[in-house]
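Below you'll find the structure, written out as structure tokens, and then a few comments.
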Amino acid sequence: MENQNSAKEELDELPLPPPVVPSNVAPIKVQNDIPSGDPLKKKRVPMSRPGFARKGQPISLLTNHFKVSTRNVDDFFFHYSVNLKYEDDRPVDGKGIGRKVIDKMQQTYDTELGKKGLAYDGEKTLFTIGPLPQIKNEFTVILDDMPSKRNGSPGGNDSPGEGERKRARRSYNAKTIKVELSFAAKIPMQSIALALKGQETENTQEALRVLDIILRQHAAKQGCLLVRQSFFHDKPSNYTDLGGGVMGCRGFHSSFRPVQGGLSLNIDVSTTMIVRPGPVVDFLIANQNVRDPFQIDWAKGKRMLKNLRVKVGNLEYKIVGLSDLPCDQQMFTLRQKGDGDNAMEITVHEYFVRHRGIPLSYSGGLPCINVGKPKRPTYFPIELCNLVSLQRYTKALTVIQRSALVEKSRQKPQERMSSLNNALKYSNYDADPMLKACGISINTNFTQVDGRVLQAPKLKVGNGEDFLPRNGRWNFNNKKLMAPSKVERWAVVNFSARCDINNLIRDLIKCGNMKGVLVEQPFDVFEESPSMRRAPPPTRVDDMFEQIRTKLPGVPKFLLCLLPERKNSDIYGPWKRKCLAEFGIVTQCIAPIRVNDQYLTNVLLKINAKLGGLNSQLQIENTPAIPIISRAATIILGMDVSHGSPGRSDVPSIAAVVSSRQWPLISKYRASVRTQSSKVEMIDSLFKPTAEDDDGIIRELLIDFYTSSGKRKPDQIIIFRDGVSESQFNQVLNIELDKIIEACKFLDEQWSPKLTLMIAQKNHHTKFFQSGGSPDNVPPGTVVDKQVCHPKNYDFYMCSHAGMIGTSRPTHYHVLLDENGFSPDDLQELVHSLSYVYQRSTTAISVVAPICYAHLAAAQVGQFMKFEDKSETSSSQGGMTAAGAAPVPELPRLHENVRSSMFFC
């Protein structure tokens with residue numbers, strides 16, 4: 001929507017979970033008449049930087065990278081594998097115990113360890129600088145007993161007296177743990193220095209990992225919550241209430257990066273979600289939005305509480321479940337020692353009230369918290385249990401919670417710089433003995449970098465009018481759309497939204513006429529029957545289509561759908577599926593709240609693009625003036641994969657690829673979407689020659705380009721890939737790219753288009769600020785390819801949008817392959833221009849339009865699956881599945897009437 005669509009790109013984004021890499025990628029199967037290629041061919045590696053771009057107005061910037069100086073480069077990191085066992089050789093498990101064991105080992109055996117510092121990752125890996133003095137490193141550690149594992153209490157078959165005596169003894173009778181350290185590898189610290197010269201070795205990433213582990217260990221010793229490379233302190237000033245028992249917790253990200261200017265420490269503000277500490281009952285009441293404990297859904301509460309930690313008195317426990325019966329009915333055996341052993345059955349409620357003298361005001365009718373073991377439950381009344389602080393909330397947020405988190409985590413540039421300065425001071429890295437031993441010192445000043453501001457491209461709108469966007473923005477006031485469509489044979493459907501529909505139709509027709517779009521009077525307005533409002537969403541949609549079928553003379557060309565909920569309406573997915581897959585009807589969903597000219601213009605922009613029109617385009621698009629595009633037939637691809645919510649492994653991932661059409665245009669696109677195995681990031685449907693009815697995404701898109709571009713095959717393919725981390729670059733470069741090449745060979749064995757492959761990353765932590773204390777974000781078009789970019793590889797940062805809210809996040813582009821030999825200036829100009837062809841808004845966006853479209857297509861078509869019965873939609877052709885796993889549900893194909901449209905706009 002105009003002046004709103006770029007908002008989510010401008011906001012400070014949350015740290016996301018890292019993409020999941022498939023553990024085994026099946027080899028590409030090709031037909032017998034297609035060359036399979038040399039199995040011994042050399043793997044592609046990311047290309048080196050060919051030079052630097054020069055275009056643009058110079059600008060001096062500051063960045064949140066802090067220069068690191070290093071000494072002791074001749075030393076070696078020694079990597080040891082850690083094995084922790086109890087006396088009976090059972091493996092030690094439990095989160096956090098490893099750090100306690102290693103800390104105690106270091107205190108106890110300091111001399112045997114050569115007084116060396118230890119960098120421990122909390123699990124199986126430990127590093128030292130130089131070797132440990134002993135060849136065989138086995139140590140016995142006496143660790144203070146953990147009460148959460150060894151507490152006598154109701155359900156544990158101990159009497160209160162016996163339990164208290166055991167607690168008293170066991171606080172002194174600690175647990176014995178054996179530590180075995182096995183030498184694994186030797187890593188030269190010099191590999192860091194070589195990487196800074198652009199001579200990256202196989203040891204570079206491992207050496208940098210050691211430094212990052214030292215940062216994590218430093219934060220752990222300060223009592224922080226660790227989330228990958230982000231650290232969160234237990235300070236009330238860091239908390240913000242999101243509702244539903246969930247808190248946003250502000251912390252900071254900290255990691256070492258090799259850059260052209262040397263080694264730098266990248267520090268950024270980071271946010272995670274935590275469970276609100278305090279009484280368990282208060283959390284559940286807030287989480288379920290009920291009035292009192294007796295309205296809590298305990299089945300849902302049990303799922304929510306499992307594995308959370310609670311405090312009872314001064315002792316801490318992990319929740320394993322709830323009791324089957326209420327506290328005043330749940331029995332356990334109380335054994336008491338006196339003149340003779342005797343045992344009695346007693347309720348948990350009676351035990352605490354009578355035997356422990358603890359008054360309980362409301363727990364009687366509520367379940368108990370179980371903190372015991374599967375065969376030996378240990379119960380506490382729920383009102384005695386308090387959730388401890390800094391526990392991550394990993395469930396999906398509601399729309400309201402996410403909006404609140406985004407709203408409250410925003411920081412203006414100067415506020416963010418101040419936060420980062422405080423984080424660096426608070427961390428006090430200079431005092432860390434391991435960093436000192438590595439010879440590392442960190443500058444406390446933001447690094448100054450040289451940027452350039454590219455000029456915005458001229459745009460063309462209706463009546464041949466040209467105009468120049470200002471500050472990355474424009475509007476259609478007194479302007480007509482570039483290529484307006486005609487809204488005819490259409491109708492309005494209203495799913496119980498409260499709206500003056502007659503006025504809406506009148507104003508939409510009027511606004512359309514002002515923008516050059518002829519909007520005819522609709523055939524009819526279909527109101528949902530009040531009796532259907534509580535029916536399942538697919539049933540409501542079917543009923544609405546039955547109304548349409550009986551009243552309209554034929555299938556409409558367009559349907560305007562009014563929804564009662566602004567976001568995440570249950571109707572949306574079934575409605576889109578019905579329109580796009582079954583009937584081939586273009587549809588626009590709206591939830592009108594405040595209808596004005598700007599709102600209607602935004603709606604018209606989407607409708608026009610979906611119906612085949614064009615709102616605006618680059619001035620040079622229809623001329624032989626785009627340096628990269630116009631010299632040879634070029635197809636632009638945008639690729640993305642959308643995953644389900646964290647923890648939902650039953651929801652398939654959705655892969656989407658969009659492609660440009662009608663060359664030399666770069667403003668029109670179509671999409672191809674497939675399902676694949678959950679959480680798999682590599683797109684496995686790019687080329688499928690063995691499938692009966694689907695040769696894969698790329699073949700479909702190449703054929704569309706050929707038919708829409710005057711029967712020309714593309715000589716150049718430019719690929720923008722979203723959503724992958726550096727560790728997956730080689731997979732994209734070798735697996736996905738090979739599939740694209742195979743798809744080309746499938747169509748014409750002699751055809752070898754030249755390929756350019758770029759990765760776009762938004763999930764990073766580099767920010768830029770204007771120097772001189774300016775409170776504003778960097779101007780749109782700001783590009784940086786020096787100082788904080790990779791020492792050798794070809795990358796650059798671009799902030800193409802105007803950050804109106806919060807601190808702008810630039811997109812980090814990595815050029816992995818460029819067979820076309822584009823100049824750095826031309827490539828950056830193309831990326832910048834592709835940020836201005838997004839048809840949904842009148843702003844430059846933060847990442848190239850093809851990637852935004854791929855994300856929209858994956859998200860929208862993914863809604864088709866929302867109410868699917870998996871048994872009905874399962875198909876063995878849906879994507880990769882693990883051995884024995886259920887097949888991935890296959891998406892319904894879009895109707896041929898809308899298949900080539902910009903339905904995702």
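Labeling convention for the structure tokens: chains A, B, ... as they appear, residues from 1 per chain, ligands from 1 in order of appearance.
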Per residue of region 455-491 of chain A within 8 Å of region 610-632 of chain A, record the nearest atom pair and its distance in Å to one decimal, counting only C-alpha atoms, with rows in chain order and ascending residue number, as JSON lines.
```
{"residue": "A:Pro457", "atom": "CA", "partner": "A:Leu618", "partner_atom": "CA", "distance": 6.8}
{"residue": "A:Lys458", "atom": "CA", "partner": "A:Gln619", "partner_atom": "CA", "distance": 5.5}
{"residue": "A:Leu459", "atom": "CA", "partner": "A:Leu618", "partner_atom": "CA", "distance": 4.5}
{"residue": "A:Lys460", "atom": "CA", "partner": "A:Gln619", "partner_atom": "CA", "distance": 5.0}
{"residue": "A:Val461", "atom": "CA", "partner": "A:Ser616", "partner_atom": "CA", "distance": 4.9}
{"residue": "A:Gly462", "atom": "CA", "partner": "A:Ser616", "partner_atom": "CA", "distance": 7.8}
{"residue": "A:Asp466", "atom": "CA", "partner": "A:Gln619", "partner_atom": "CA", "distance": 6.9}
{"residue": "A:Leu481", "atom": "CA", "partner": "A:Asn615", "partner_atom": "CA", "distance": 4.7}
{"residue": "A:Met482", "atom": "CA", "partner": "A:Asn615", "partner_atom": "CA", "distance": 5.0}
{"residue": "A:Ala483", "atom": "CA", "partner": "A:Leu614", "partner_atom": "CA", "distance": 4.7}
{"residue": "A:Pro484", "atom": "CA", "partner": "A:Gly613", "partner_atom": "CA", "distance": 5.1}
{"residue": "A:Ser485", "atom": "CA", "partner": "A:Gly613", "partner_atom": "CA", "distance": 4.9}
{"residue": "A:Lys486", "atom": "CA", "partner": "A:Leu611", "partner_atom": "CA", "distance": 7.8}
{"residue": "A:Val487", "atom": "CA", "partner": "A:Leu611", "partner_atom": "CA", "distance": 8.0}
```
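What separates CA of Asn238 (chain A) from CA of Arg250 (chain A) is a distance of 5.0 Å.
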Just checking: using only C-alpha atoms, which residue out of A:Leu62, A:Ala343, A:Leu563, A:Leu215 ends up closest to Phe446 (chain A)? A:Leu62
List every residue of region 74-282 of chain A that DSSP, applied to the backbone of this structure, places in strand (DSSP E or B), and write the result as number ranges by chain. A: 76-86, 91, 119-120, 125-129, 137-143, 175-188, 225-227, 230-232, 239-243, 246-259, 262-275, 278-279
Hey, can you spit out that residue selection with C-alpha atoms as a compact mmCIF listing (two decimals), in the first residue's frame?
```
# COMPACT_ATOMS: atom_id res chain seq x y z
CA PHE A 76 47.62 -22.32 17.32
CA PHE A 77 44.14 -23.05 18.61
CA PHE A 78 43.92 -26.65 19.80
CA HIS A 79 40.50 -28.22 19.40
CA TYR A 80 39.40 -30.87 21.93
CA SER A 81 36.22 -32.96 21.90
CA VAL A 82 34.45 -33.00 25.27
CA ASN A 83 32.81 -36.13 26.68
CA LEU A 84 30.97 -35.85 30.03
CA LYS A 85 29.91 -39.01 31.90
CA TYR A 86 28.61 -39.95 35.32
CA PRO A 91 26.20 -39.58 29.44
CA ALA A 119 36.97 -21.60 25.24
CA TYR A 120 34.00 -23.94 25.62
CA THR A 125 33.76 -28.59 21.80
CA LEU A 126 36.58 -26.90 23.70
CA PHE A 127 39.52 -24.81 22.45
CA THR A 128 42.80 -23.76 24.03
CA ILE A 129 45.66 -21.57 22.82
CA ASN A 137 43.28 -35.49 29.61
CA GLU A 138 40.79 -37.21 31.91
CA PHE A 139 39.50 -35.39 34.98
CA THR A 140 37.04 -36.14 37.74
CA VAL A 141 34.88 -33.21 38.79
CA ILE A 142 32.84 -33.00 41.99
CA LEU A 143 29.82 -30.88 41.14
CA LYS A 175 27.70 -35.55 42.05
CA THR A 176 30.86 -37.00 40.48
CA ILE A 177 31.32 -36.39 36.75
CA LYS A 178 34.14 -37.65 34.52
CA VAL A 179 35.48 -35.29 31.84
CA GLU A 180 37.37 -36.68 28.85
CA LEU A 181 39.13 -34.25 26.50
CA SER A 182 40.24 -35.79 23.19
CA PHE A 183 42.48 -33.90 20.78
CA ALA A 184 40.61 -33.25 17.53
CA ALA A 185 42.45 -30.62 15.46
CA LYS A 186 45.05 -27.90 15.38
CA ILE A 187 44.04 -24.53 13.89
CA PRO A 188 46.66 -21.89 13.02
CA LEU A 225 20.60 -15.87 27.80
CA LEU A 226 22.48 -17.03 24.69
CA VAL A 227 20.70 -17.25 21.33
CA SER A 230 23.02 -12.78 20.53
CA PHE A 231 23.15 -12.15 24.27
CA PHE A 232 20.35 -11.02 26.60
CA TYR A 239 11.87 -5.96 28.79
CA THR A 240 8.73 -4.88 26.98
CA ASP A 241 5.31 -6.53 27.44
CA LEU A 242 3.80 -7.97 24.23
CA GLY A 243 0.66 -9.39 25.83
CA VAL A 246 5.12 -12.91 26.35
CA MET A 247 7.86 -10.31 26.76
CA GLY A 248 10.21 -8.84 24.21
CA CYS A 249 13.76 -8.81 25.54
CA ARG A 250 16.32 -6.47 24.01
CA GLY A 251 19.94 -7.57 23.92
CA PHE A 252 22.75 -7.39 21.41
CA HIS A 253 24.43 -9.43 18.71
CA SER A 254 28.21 -9.70 18.69
CA SER A 255 30.40 -11.51 16.14
CA PHE A 256 33.80 -11.24 14.49
CA ARG A 257 33.88 -10.55 10.74
CA PRO A 258 36.83 -10.53 8.34
CA VAL A 259 36.50 -7.39 6.19
CA GLY A 262 40.93 -6.02 8.74
CA LEU A 263 39.12 -7.93 11.47
CA SER A 264 36.08 -6.21 12.96
CA LEU A 265 33.62 -6.88 15.75
CA ASN A 266 30.07 -6.43 14.49
CA ILE A 267 27.73 -5.38 17.34
CA ASP A 268 24.02 -4.80 16.82
CA VAL A 269 20.84 -4.50 18.86
CA SER A 270 18.91 -7.77 18.90
CA THR A 271 15.51 -8.81 20.23
CA THR A 272 14.07 -12.14 21.30
CA MET A 273 10.84 -13.30 22.94
CA ILE A 274 10.78 -14.63 26.48
CA VAL A 275 8.13 -16.01 28.83
CA GLY A 278 6.51 -14.74 37.82
CA PRO A 279 3.61 -16.95 38.96
```
Within 8 Å of His643 (chain A), counting only C-alpha atoms, which residues show up once you throw out same-chain ones fewer than 4 positions away? Write them as number ranges by chain, please. A: 651-654, 678-679
Could you find all residues in region 426-569 of chain A that DSSP calls alpha helix (DSSP H) from the backbone, and write them as a ChimeraX atom specification? /A:426-427,433-437,501-515,537-551
Counting only C-alpha atoms, what is within 12 Å of Val641 (chain A), bar same-chain residues fewer than 3 positions away, as a short mmCIF file (atom, residue, chain, number, x, y, z; two decimals) with C-alpha atoms, in the first residue's frame?
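Saved as around.cif:
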```
data_model
loop_
_atom_site.label_atom_id
_atom_site.label_comp_id
_atom_site.auth_asym_id
_atom_site.auth_seq_id
_atom_site.Cartn_x
_atom_site.Cartn_y
_atom_site.Cartn_z
CA PRO A 19 17.95 -21.86 7.56
CA VAL A 20 18.01 -25.68 7.75
CA GLY A 638 13.73 -14.17 -8.02
CA GLY A 644 6.23 -22.89 8.55
CA PRO A 652 5.67 -28.25 4.18
CA SER A 653 7.95 -25.49 2.96
CA ILE A 654 6.86 -23.49 -0.08
CA ALA A 655 9.36 -22.73 -2.86
CA ALA A 656 8.58 -19.88 -5.26
CA VAL A 657 10.43 -18.60 -8.31
CA VAL A 658 9.28 -15.52 -10.22
CA SER A 672 5.81 -20.75 -10.23
CA VAL A 673 5.27 -22.34 -6.80
CA ARG A 674 5.82 -25.84 -5.37
CA THR A 675 5.82 -27.58 -1.99
CA GLN A 676 8.81 -29.41 -0.57
CA SER A 677 9.90 -31.07 2.66
CA SER A 678 9.54 -28.98 5.79
CA LYS A 679 12.44 -26.66 6.66
CA VAL A 680 14.42 -27.61 3.52
CA GLU A 681 15.98 -24.48 2.03
CA MET A 682 17.33 -25.81 -1.29
CA ILE A 683 14.64 -25.72 -4.01
CA ASP A 684 14.21 -29.29 -5.25
CA SER A 685 11.58 -28.65 -7.97
CA ARG A 721 18.27 -15.85 -4.46
CA ASP A 722 16.89 -14.99 -1.03
CA GLY A 723 17.00 -16.71 2.33
CA VAL A 724 20.35 -18.52 2.37
CA ILE A 851 12.64 -11.38 -4.46
CA CYS A 852 9.70 -9.54 -2.88
CA TYR A 853 7.37 -11.09 -5.45
CA ALA A 854 8.77 -14.59 -4.80
CA HIS A 855 8.17 -14.09 -1.08
CA LEU A 856 4.60 -12.89 -1.71
CA ALA A 857 3.84 -15.79 -4.08
CA ALA A 858 5.15 -18.39 -1.63
CA ALA A 859 3.20 -16.85 1.26
CA VAL A 861 -0.08 -19.95 -2.30
CA GLY A 862 1.03 -21.43 1.02
#
```
Name all residues at most 10 Å from Lys792 (chain A) (count only C-alpha atoms; drop same-chain ones fewer than 3 positions away) and give them as a CSV table (one decimal) with N, CA and C atoms, in the first residue's frame.
```
chain,number,residue,atom,x,y,z
A,46,PRO,N,32.5,-19.2,-4.9
A,46,PRO,CA,32.1,-17.8,-5.1
A,46,PRO,C,33.2,-17.0,-5.8
A,47,MET,N,32.9,-16.2,-6.7
A,47,MET,CA,33.8,-15.4,-7.5
A,47,MET,C,34.5,-14.3,-6.7
A,48,SER,N,35.7,-13.9,-7.1
A,48,SER,CA,36.4,-12.8,-6.5
A,48,SER,C,35.9,-11.5,-7.0
A,49,ARG,N,36.1,-10.5,-6.2
A,49,ARG,CA,35.7,-9.1,-6.6
A,49,ARG,C,36.5,-8.6,-7.9
A,50,PRO,N,35.8,-8.3,-8.9
A,50,PRO,CA,36.5,-7.8,-10.1
A,50,PRO,C,37.0,-6.4,-10.1
A,195,ALA,N,43.2,-14.5,5.9
A,195,ALA,CA,41.8,-14.2,5.4
A,195,ALA,C,41.7,-12.7,5.2
A,196,LEU,N,42.3,-11.9,6.1
A,196,LEU,CA,42.2,-10.5,6.0
A,196,LEU,C,42.9,-10.0,4.8
A,197,LYS,N,43.8,-10.8,4.2
A,197,LYS,CA,44.5,-10.4,3.0
A,197,LYS,C,43.9,-11.0,1.8
A,198,GLY,N,42.7,-11.6,2.0
A,198,GLY,CA,42.0,-12.2,0.9
A,198,GLY,C,42.4,-13.6,0.6
A,199,GLN,N,43.2,-14.2,1.4
A,199,GLN,CA,43.8,-15.6,1.2
A,199,GLN,C,43.1,-16.5,2.2
A,200,GLU,N,41.8,-16.7,2.0
A,200,GLU,CA,41.1,-17.5,3.0
A,200,GLU,C,41.5,-19.0,2.9
A,258,PRO,N,35.7,-11.0,9.1
A,258,PRO,CA,36.8,-10.5,8.3
A,258,PRO,C,36.4,-9.6,7.2
A,259,VAL,N,36.9,-8.4,7.2
A,259,VAL,CA,36.5,-7.4,6.2
A,259,VAL,C,37.8,-6.8,5.6
A,260,GLN,N,37.5,-6.0,4.5
A,260,GLN,CA,38.7,-5.4,3.8
A,260,GLN,C,39.5,-4.5,4.7
A,789,CYS,N,33.2,-4.8,3.6
A,789,CYS,CA,32.8,-5.9,2.7
A,789,CYS,C,33.9,-7.0,2.8
A,795,ASP,N,30.9,-8.7,-3.0
A,795,ASP,CA,29.7,-8.4,-2.3
A,795,ASP,C,29.6,-6.8,-2.1
```
Can you pull out every residue within 9 Å of Leu454 (chain A), counting only C-alpha atoms, but drop anything in the same chain fewer than 2 positions away, and send it as a PyMOL selection string? chain A and resi 55-57+452+456-457+780-783+800+828-829+832
Proximity of region 32-110 of chain A to region 725-748 of chain A: per-residue shortest pair, 8 Å limit, only C-alpha atoms, as a tab-separated table:
```
residue	atom	partner	partner_atom	distance
A:Ile34	CA	A:Phe746	CA	6.7
A:Lys43	CA	A:Asn734	CA	6.6
A:Arg44	CA	A:Asn734	CA	6.2
A:Val45	CA	A:Asn730	CA	6.6
A:Pro46	CA	A:Asn730	CA	7.5
```
Would you export the selected residues with C-alpha atoms as an mmCIF file, in the first residue's frame, please?
```
data_model
loop_
_atom_site.group_PDB
_atom_site.id
_atom_site.type_symbol
_atom_site.label_atom_id
_atom_site.label_comp_id
_atom_site.auth_asym_id
_atom_site.auth_seq_id
_atom_site.Cartn_x
_atom_site.Cartn_y
_atom_site.Cartn_z
ATOM 1 C CA ILE A 34 20.615 -35.249 -21.870
ATOM 2 C CA LYS A 43 32.924 -27.393 -8.020
ATOM 3 C CA ARG A 44 32.130 -23.751 -8.494
ATOM 4 C CA VAL A 45 33.266 -21.385 -5.759
ATOM 5 C CA PRO A 46 32.103 -17.806 -5.127
#
```
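Residues in contact range of region 402-418 of chain A, defined as at most 8 Å between only C-alpha atoms, with sequence neighbours fewer than 3 positions away removed, read Leu11, Asp12, Glu13, Asn64, Thr240, Leu242, Gly248, Arg250, Val269, Thr271, Leu397, Thr398, Val399, Asn421, Asn422, Phe769, Gly773, Ser774, Pro775, Asp776, Asn777, Ile805, Gly806 and Thr807 of chain A.
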Pairwise distance, CA of Asn287 (chain A) with CA of Met304 (chain A), equals 9.1 Å
Among A:Leu194, A:Ile346, A:Val453, A:Val310, Leu384 (chain A) is approached most closely, using only C-alpha atoms, by A:Val310
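The residue that comes closest to Leu208 (chain A), out of A:Thr587, A:Cys438, A:Ile400, A:Lys318 and on the basis of only C-alpha atoms, is A:Cys438.
Between Arg809 (chain A) and the candidates A:Leu834, A:Gln863, A:Val280, A:Thr63, the tightest atom-to-atom separation, counting only C-alpha atoms, involves A:Thr63.
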So, counting only C-alpha atoms, which residue among A:Thr707, A:Gln787, A:Thr378, A:Thr843 is closest to Phe476 (chain A)? A:Thr843
